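Have a look at the structure below, then the notes.
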Amino acid sequence: MRRSRLRTVAGLIGVVAIAATIASSPAEARKRRHHAGGGGYTPPYAAMVVDAKTGRTLHAVNEDAARIPASLTKVMTLYMLFEQMERGRFSMDSELKVSSYAASQPPTKLGLRAGSTIAVEDAIKSMITLSANDSSVVVAENIAGSEEAFADQMTRKARSLGMSSTRFYNPHGLPHSPPNLTTARDLTILARAIQERFPKYYPLFSTRAFQYGSRTIRGHNRLLGKVEGVDGIKTGYTRASGFNLMTSAKSEGRHVVSVVLGGRSGASRDKIMTDLVLASLPRASTSGRASVMIAEAPEPEERPRSIQQVAAAEPAPIPVPRPRHQQQAEEQPLPAAARAYAPMPTTTPIAPPRPVAVAGGQPLQISGMRPVTATTTPSAMRWSIGAQPADAKVLRPPANVDVTSSIAKAPEPAAEPVKLAEAKAEIPAAPVARKVEAAPPRIQAPEPAPAMSHQAAVVASGKWVIQLGATDDEGKAKEILARAKAKASTSLASASAFTEKVEKGGSTLFRARFAGFDDPKDAQNACTQLKRGGFSCFATRS
């Protein structure tokens with residue numbers, strides 16, 4: 001009897017437990033699934049690569065999805081500062097006042113003291129290298145009087161450039177409610193605009209380190225000096241945004257700007273960006289505009305400022321309107337700068353959007369993101385690059401580009417052969433024979449012609465060469481050539497492999513090349529076959 005009662009009580013407890021489980025809220029169920037699922041850090045991802053000369057889209061994943069820029073915000077802050085410098089309001093030596101609010105900003109920071117001043121040049125370099133949040137607020141307050149007023153100006157400037165999906169609430173990218181929001185597409189517009197609008201100041205983005213007092217401030221952008229062609233510009237990080245990077249790269253007359261948002265780590269973000277740059281540069285155009293006269297859309301009238309008024313700027317000359325294509329009646333005309341910088345549709349396949357693995361499969365919820373107090377690479381993942389010595393090792397760009405993560409696997413269309421004017425050798429006229437007094441002729445043995453180097457002999461074996469990449473190690477360059485020869489044995493059957501040593505930016509690189517192509521079509525076909533095998537490749541005159 002007693003055992004029967006115990007069984008009855010146990011049964012009732014079980015029923016109650018089951019009922020409680022069934023009655024639990026969906027939110028609790030989601031929470032349990034979230035904790036049970038585990039998994040790594042998966043911030044929302046997006047990426048885009050644009051040919052800076054033509055505006056053609058070379059790669060795009062989630063390019064129009066809302067993302068948090070983190071410290072990439074500072075690129076717009078610097079755009080605003082460069083504009084004031086161009087107008088003559090500030091110079092590199094101008095002193096900016098530091099308020100107590102600016103000095104109180106969380107790291108990363110320069111450690112400015114309230115009531116002190118900082119030179120414009122130091123503020124710029126600290127924002128580029130250290131990603132200093134206190135310097136960002138100093139710039140904002142000295143231009144607009146307050147952080148809020150400056151953020152409004154940033155947003156208006158973004159709209160005038162054609163960045164239609166961008167909204168700023170602060171000048172540094174620290175967590176804010178609501179947060180600064182943008183898209184990969186909008187950031188490529190900014191990356192192109194700041195270079196073309198301010199060619200005098202843009203080289204500052206290649207700064208790896210600078211001296212501030214007795215301190216050497218080193219930068220976070222590890223691709224500078226490590227990947228051939230990369231000349232800037234900015235990194236960013238918060239827990240909510242993931243690891244972000246905006247990059248510009250130039251090589252062989254080509255120029256691309258690239259944006260990666262939501263990297264899982266600094267290393268994986270850099271790997272993705274390196275692959276994108278190496279895969280996209282050979283596909284970029286060598287012709288097209290070198291620069292564009294900026295014609296920003298007029299901004300709304302600014303509200304009165306609480307602390308100081310901005311000096312009136314000299315009226316800028318009105319640029320010649322660009323030809324406009326006929327638009328459908330329902331479409332609104334883009335701002336002038338949007339027409340200049342807006343990416344054009346790509347003519348090559350685009351990688352499909354990568355599914356974002358967020359907790360519980362739910363879409364990105366901005367309101368639920370955990371606030372943090374840093375907007376640059378965490379200290380555990382920081383890199384100290386600084387100024388590189390002349391013999392510094394250059395990060396080896398991967399020859400066999402990884403196309404499995406973010407770059408679309410698609411055959412490249414055969415590129416049109418580059419038409420180059422052949423130099424006409426001038427043949428000197430034969431000298432007129434003159435009569436001279438006969439003298440016993442001296443027979444002089446002809447001097448032996450200098451021996452042609454092996455590399456020169458290889459290059460002379462054809463009019464065209466193809467290049468697969470450049471590395472800091474000649475042995476690795478030869479390994480690239482050996483793998484390529486095995487991969488494309490048919491198209492490279494009569495080609496000769498060689499390495500070419502070049503000096504760039506104080507670093508020594510070895511280019512991996514094949515020579516022996518008389519017809520440009522043969523060179524292009526060889527590149528097409530190699531690209532299908534995952535290699536980076538482009539053809540050029542020998």
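How things are named: the first chain in the structure tokens is A, the next is B, and so on; residues count from 1 in each chain; ligands count from 1 in the order shown.
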So which residues touch A:Arg511 within 7 Å, counting only C-alpha atoms, skipping near sequence neighbours fewer than 4 positions away, as a short mmCIF file (atom, residue, chain, number, x, y, z; two decimals) with N, CA and C atoms, in the first residue's frame?
```
data_model
loop_
_atom_site.label_atom_id
_atom_site.label_comp_id
_atom_site.auth_asym_id
_atom_site.auth_seq_id
_atom_site.Cartn_x
_atom_site.Cartn_y
_atom_site.Cartn_z
N GLN A 467 51.66 36.87 -64.34
CA GLN A 467 52.14 36.91 -62.94
C GLN A 467 51.10 36.30 -62.03
N GLY A 469 51.64 36.17 -58.49
CA GLY A 469 51.68 36.75 -57.15
C GLY A 469 53.08 37.20 -56.83
N ALA A 470 53.26 37.72 -55.62
CA ALA A 470 54.57 38.19 -55.15
C ALA A 470 54.72 37.79 -53.69
N THR A 471 55.91 37.36 -53.32
CA THR A 471 56.18 36.91 -51.96
C THR A 471 57.56 37.38 -51.53
N ALA A 477 58.10 31.61 -53.98
CA ALA A 477 57.66 32.01 -55.32
C ALA A 477 57.85 30.86 -56.31
N THR A 499 61.42 33.90 -61.58
CA THR A 499 61.10 34.84 -60.51
C THR A 499 61.79 36.16 -60.80
N GLU A 500 61.13 37.25 -60.45
CA GLU A 500 61.66 38.59 -60.69
C GLU A 500 61.74 39.33 -59.36
N LYS A 501 62.93 39.79 -59.02
CA LYS A 501 63.15 40.49 -57.76
C LYS A 501 62.83 41.97 -57.92
#
```
Item to check | Those in stretch 125-189 of chain A with helix (DSSP H, G or I) from DSSP, as number ranges by chain | outcome: A: 125-129, 133-144, 147-161, 184-189
Checklist entry - Mind checking DSSP for stretch 151-243 of chain A and telling me the strand (DSSP E or B) residues as number ranges by chain? => result A: 167, 181-182, 209-212, 215-218, 230-238, 242-243
Create the file for the chosen residues now, containing N, CA, C and O atoms and written as a CSV table (one decimal), in the first residue's frame.
```csv
chain,number,residue,atom,x,y,z
A,167,ARG,N,23.9,56.3,-40.7
A,167,ARG,CA,23.5,57.2,-39.7
A,167,ARG,C,24.5,57.2,-38.5
A,167,ARG,O,24.9,56.1,-38.0
A,181,LEU,N,25.1,53.2,-37.7
A,181,LEU,CA,24.8,52.1,-38.6
A,181,LEU,C,25.2,52.5,-40.0
A,181,LEU,O,25.2,53.7,-40.4
A,182,THR,N,25.6,51.5,-40.8
A,182,THR,CA,26.0,51.8,-42.2
A,182,THR,C,25.9,50.4,-42.9
A,182,THR,O,25.3,49.5,-42.4
A,209,ALA,N,53.2,54.1,-37.6
A,209,ALA,CA,53.6,54.5,-36.2
A,209,ALA,C,54.0,55.9,-36.2
A,209,ALA,O,54.4,56.5,-37.3
A,210,PHE,N,53.8,56.6,-35.1
A,210,PHE,CA,54.3,58.0,-35.0
A,210,PHE,C,54.7,58.3,-33.5
A,210,PHE,O,54.3,57.5,-32.6
A,211,GLN,N,55.5,59.3,-33.4
A,211,GLN,CA,56.0,59.7,-32.1
A,211,GLN,C,55.1,60.7,-31.4
A,211,GLN,O,54.9,61.8,-32.0
A,212,TYR,N,54.6,60.5,-30.2
A,212,TYR,CA,53.9,61.4,-29.5
A,212,TYR,C,54.5,61.7,-28.1
A,212,TYR,O,54.4,60.8,-27.2
A,215,ARG,N,56.4,58.8,-26.4
A,215,ARG,CA,55.8,57.5,-26.7
A,215,ARG,C,55.8,57.2,-28.2
A,215,ARG,O,55.7,58.2,-29.0
A,216,THR,N,56.0,56.0,-28.6
A,216,THR,CA,55.8,55.6,-30.0
A,216,THR,C,54.5,54.9,-30.1
A,216,THR,O,54.3,53.8,-29.5
A,217,ILE,N,53.6,55.5,-30.8
A,217,ILE,CA,52.2,55.0,-31.0
A,217,ILE,C,52.2,54.1,-32.3
A,217,ILE,O,52.5,54.6,-33.4
A,218,ARG,N,51.9,52.9,-32.1
A,218,ARG,CA,51.9,51.9,-33.3
A,218,ARG,C,50.5,51.6,-33.7
A,218,ARG,O,49.5,51.6,-32.9
A,230,VAL,N,48.7,47.4,-50.9
A,230,VAL,CA,47.8,47.9,-49.8
A,230,VAL,C,48.4,49.2,-49.3
A,230,VAL,O,49.6,49.3,-48.9
A,231,ASP,N,47.6,50.3,-49.3
A,231,ASP,CA,48.2,51.6,-48.9
A,231,ASP,C,47.4,52.2,-47.7
A,231,ASP,O,47.6,53.4,-47.3
A,232,GLY,N,46.4,51.6,-47.2
A,232,GLY,CA,45.6,52.0,-46.1
A,232,GLY,C,44.3,51.2,-46.1
A,232,GLY,O,44.2,50.3,-46.9
A,233,ILE,N,43.2,51.5,-45.2
A,233,ILE,CA,43.1,52.7,-44.5
A,233,ILE,C,42.8,52.6,-43.0
A,233,ILE,O,43.4,53.3,-42.2
A,234,LYS,N,41.8,51.7,-42.6
A,234,LYS,CA,41.4,51.7,-41.2
A,234,LYS,C,40.8,50.4,-40.7
A,234,LYS,O,40.1,49.7,-41.5
A,235,THR,N,41.1,50.1,-39.4
A,235,THR,CA,40.5,48.9,-38.8
A,235,THR,C,39.4,49.4,-37.8
A,235,THR,O,39.3,50.5,-37.4
A,236,GLY,N,38.6,48.4,-37.3
A,236,GLY,CA,37.6,48.7,-36.3
A,236,GLY,C,37.2,47.4,-35.6
A,236,GLY,O,37.2,46.4,-36.2
A,237,TYR,N,36.7,47.6,-34.3
A,237,TYR,CA,36.2,46.4,-33.6
A,237,TYR,C,35.3,46.9,-32.4
A,237,TYR,O,35.7,47.8,-31.7
A,238,THR,N,34.2,46.3,-32.3
A,238,THR,CA,33.4,46.2,-31.0
A,238,THR,C,32.9,44.8,-31.0
A,238,THR,O,32.8,44.0,-32.0
A,242,GLY,N,32.0,43.0,-34.6
A,242,GLY,CA,33.0,42.1,-35.1
A,242,GLY,C,34.2,42.8,-35.6
A,242,GLY,O,34.3,44.0,-35.3
A,243,PHE,N,35.1,42.2,-36.2
A,243,PHE,CA,36.4,42.8,-36.7
A,243,PHE,C,36.2,43.3,-38.1
A,243,PHE,O,35.9,42.6,-39.0
```
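Rounded to one decimal, atom CA of A:Arg56 and atom CA of A:Arg264 lie 27.6 Å from each other.
Among the candidate residues A:Gly162, A:Gly229, A:Gly263, A:Gly115, the one lying nearest to A:Ala249 is A:Gly229, with distances computed using only C-alpha atoms.
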Checklist outcome for this item: Nearest to A:Leu96, restricted to only C-alpha atoms and choosing among A:Ala132, A:Leu174, A:Ala123, A:Leu223, comes out as A:Ala123
Item to check | A:Lys463 environment, 10 Å, only C-alpha atoms, sequence neighbours closer than 6 positions dropped, as a PyMOL selection string | outcome: chain A and resi 515-520+523+540-542
Checklist entry - Within 12 Å of A:Ser116, counting only C-alpha atoms, which residues qualify if same-chain residues fewer than 4 places away don't, as a ChimeraX atom specification? => result /A:95-100,102-103,111-112,135,138
Can you write out the residues you just picked, keeping N, CA and C atoms, as a PDB file, in the first residue's frame?
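Saved the output as result.pdb:
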```pdb
ATOM      1  N   GLU A  95      46.252  74.058 -32.789  1.00  0.00           N
ATOM      2  CA  GLU A  95      46.044  73.404 -31.503  1.00  0.00           C
ATOM      3  C   GLU A  95      44.545  73.267 -31.218  1.00  0.00           C
ATOM      4  N   LEU A  96      44.119  72.069 -30.864  1.00  0.00           N
ATOM      5  CA  LEU A  96      42.719  71.797 -30.555  1.00  0.00           C
ATOM      6  C   LEU A  96      42.562  71.676 -29.048  1.00  0.00           C
ATOM      7  N   LYS A  97      41.517  72.308 -28.487  1.00  0.00           N
ATOM      8  CA  LYS A  97      41.289  72.288 -27.046  1.00  0.00           C
ATOM      9  C   LYS A  97      40.649  70.967 -26.617  1.00  0.00           C
ATOM     10  N   VAL A  98      41.088  70.470 -25.465  1.00  0.00           N
ATOM     11  CA  VAL A  98      40.591  69.204 -24.926  1.00  0.00           C
ATOM     12  C   VAL A  98      39.632  69.494 -23.783  1.00  0.00           C
ATOM     13  N   SER A  99      38.385  69.071 -23.933  1.00  0.00           N
ATOM     14  CA  SER A  99      37.397  69.262 -22.871  1.00  0.00           C
ATOM     15  C   SER A  99      37.457  68.104 -21.875  1.00  0.00           C
ATOM     16  N   SER A 100      36.804  68.272 -20.743  1.00  0.00           N
ATOM     17  CA  SER A 100      36.759  67.198 -19.750  1.00  0.00           C
ATOM     18  C   SER A 100      35.981  66.000 -20.289  1.00  0.00           C
ATOM     19  N   ALA A 102      35.852  65.057 -23.504  1.00  0.00           N
ATOM     20  CA  ALA A 102      36.735  64.353 -24.431  1.00  0.00           C
ATOM     21  C   ALA A 102      37.767  63.529 -23.672  1.00  0.00           C
ATOM     22  N   ALA A 103      38.330  64.104 -22.603  1.00  0.00           N
ATOM     23  CA  ALA A 103      39.352  63.400 -21.831  1.00  0.00           C
ATOM     24  C   ALA A 103      38.791  62.174 -21.121  1.00  0.00           C
ATOM     25  N   GLY A 111      45.010  59.459 -23.913  1.00  0.00           N
ATOM     26  CA  GLY A 111      45.219  59.883 -22.540  1.00  0.00           C
ATOM     27  C   GLY A 111      45.361  61.382 -22.404  1.00  0.00           C
ATOM     28  N   LEU A 112      44.570  62.125 -23.199  1.00  0.00           N
ATOM     29  CA  LEU A 112      44.638  63.591 -23.151  1.00  0.00           C
ATOM     30  C   LEU A 112      44.062  64.111 -21.834  1.00  0.00           C
ATOM     31  N   SER A 135      40.750  61.672 -28.933  1.00  0.00           N
ATOM     32  CA  SER A 135      41.085  62.575 -30.037  1.00  0.00           C
ATOM     33  C   SER A 135      39.892  62.790 -30.960  1.00  0.00           C
ATOM     34  N   VAL A 138      37.665  65.340 -29.396  1.00  0.00           N
ATOM     35  CA  VAL A 138      38.321  66.651 -29.491  1.00  0.00           C
ATOM     36  C   VAL A 138      38.070  67.264 -30.864  1.00  0.00           C
TER      37      VAL A 138
END
```
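In this comparison, which uses only C-alpha atoms, the residue of A:Ser104, A:Ser258, A:Ser280, A:Thr508 approaching A:Cys537 most closely is A:Ser280.
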Item to check | Length of the atom CA of A:Ala140 to atom CA of A:Thr247 vector [Å] | outcome: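 Computed distance, atom CA of A:Ala140 to atom CA of A:Thr247, equals 24.1 Å.
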Checklist entry - Distance atom CA of A:Gly253-atom CA of A:Tyr79, one decimal place? => result 25.3 Å
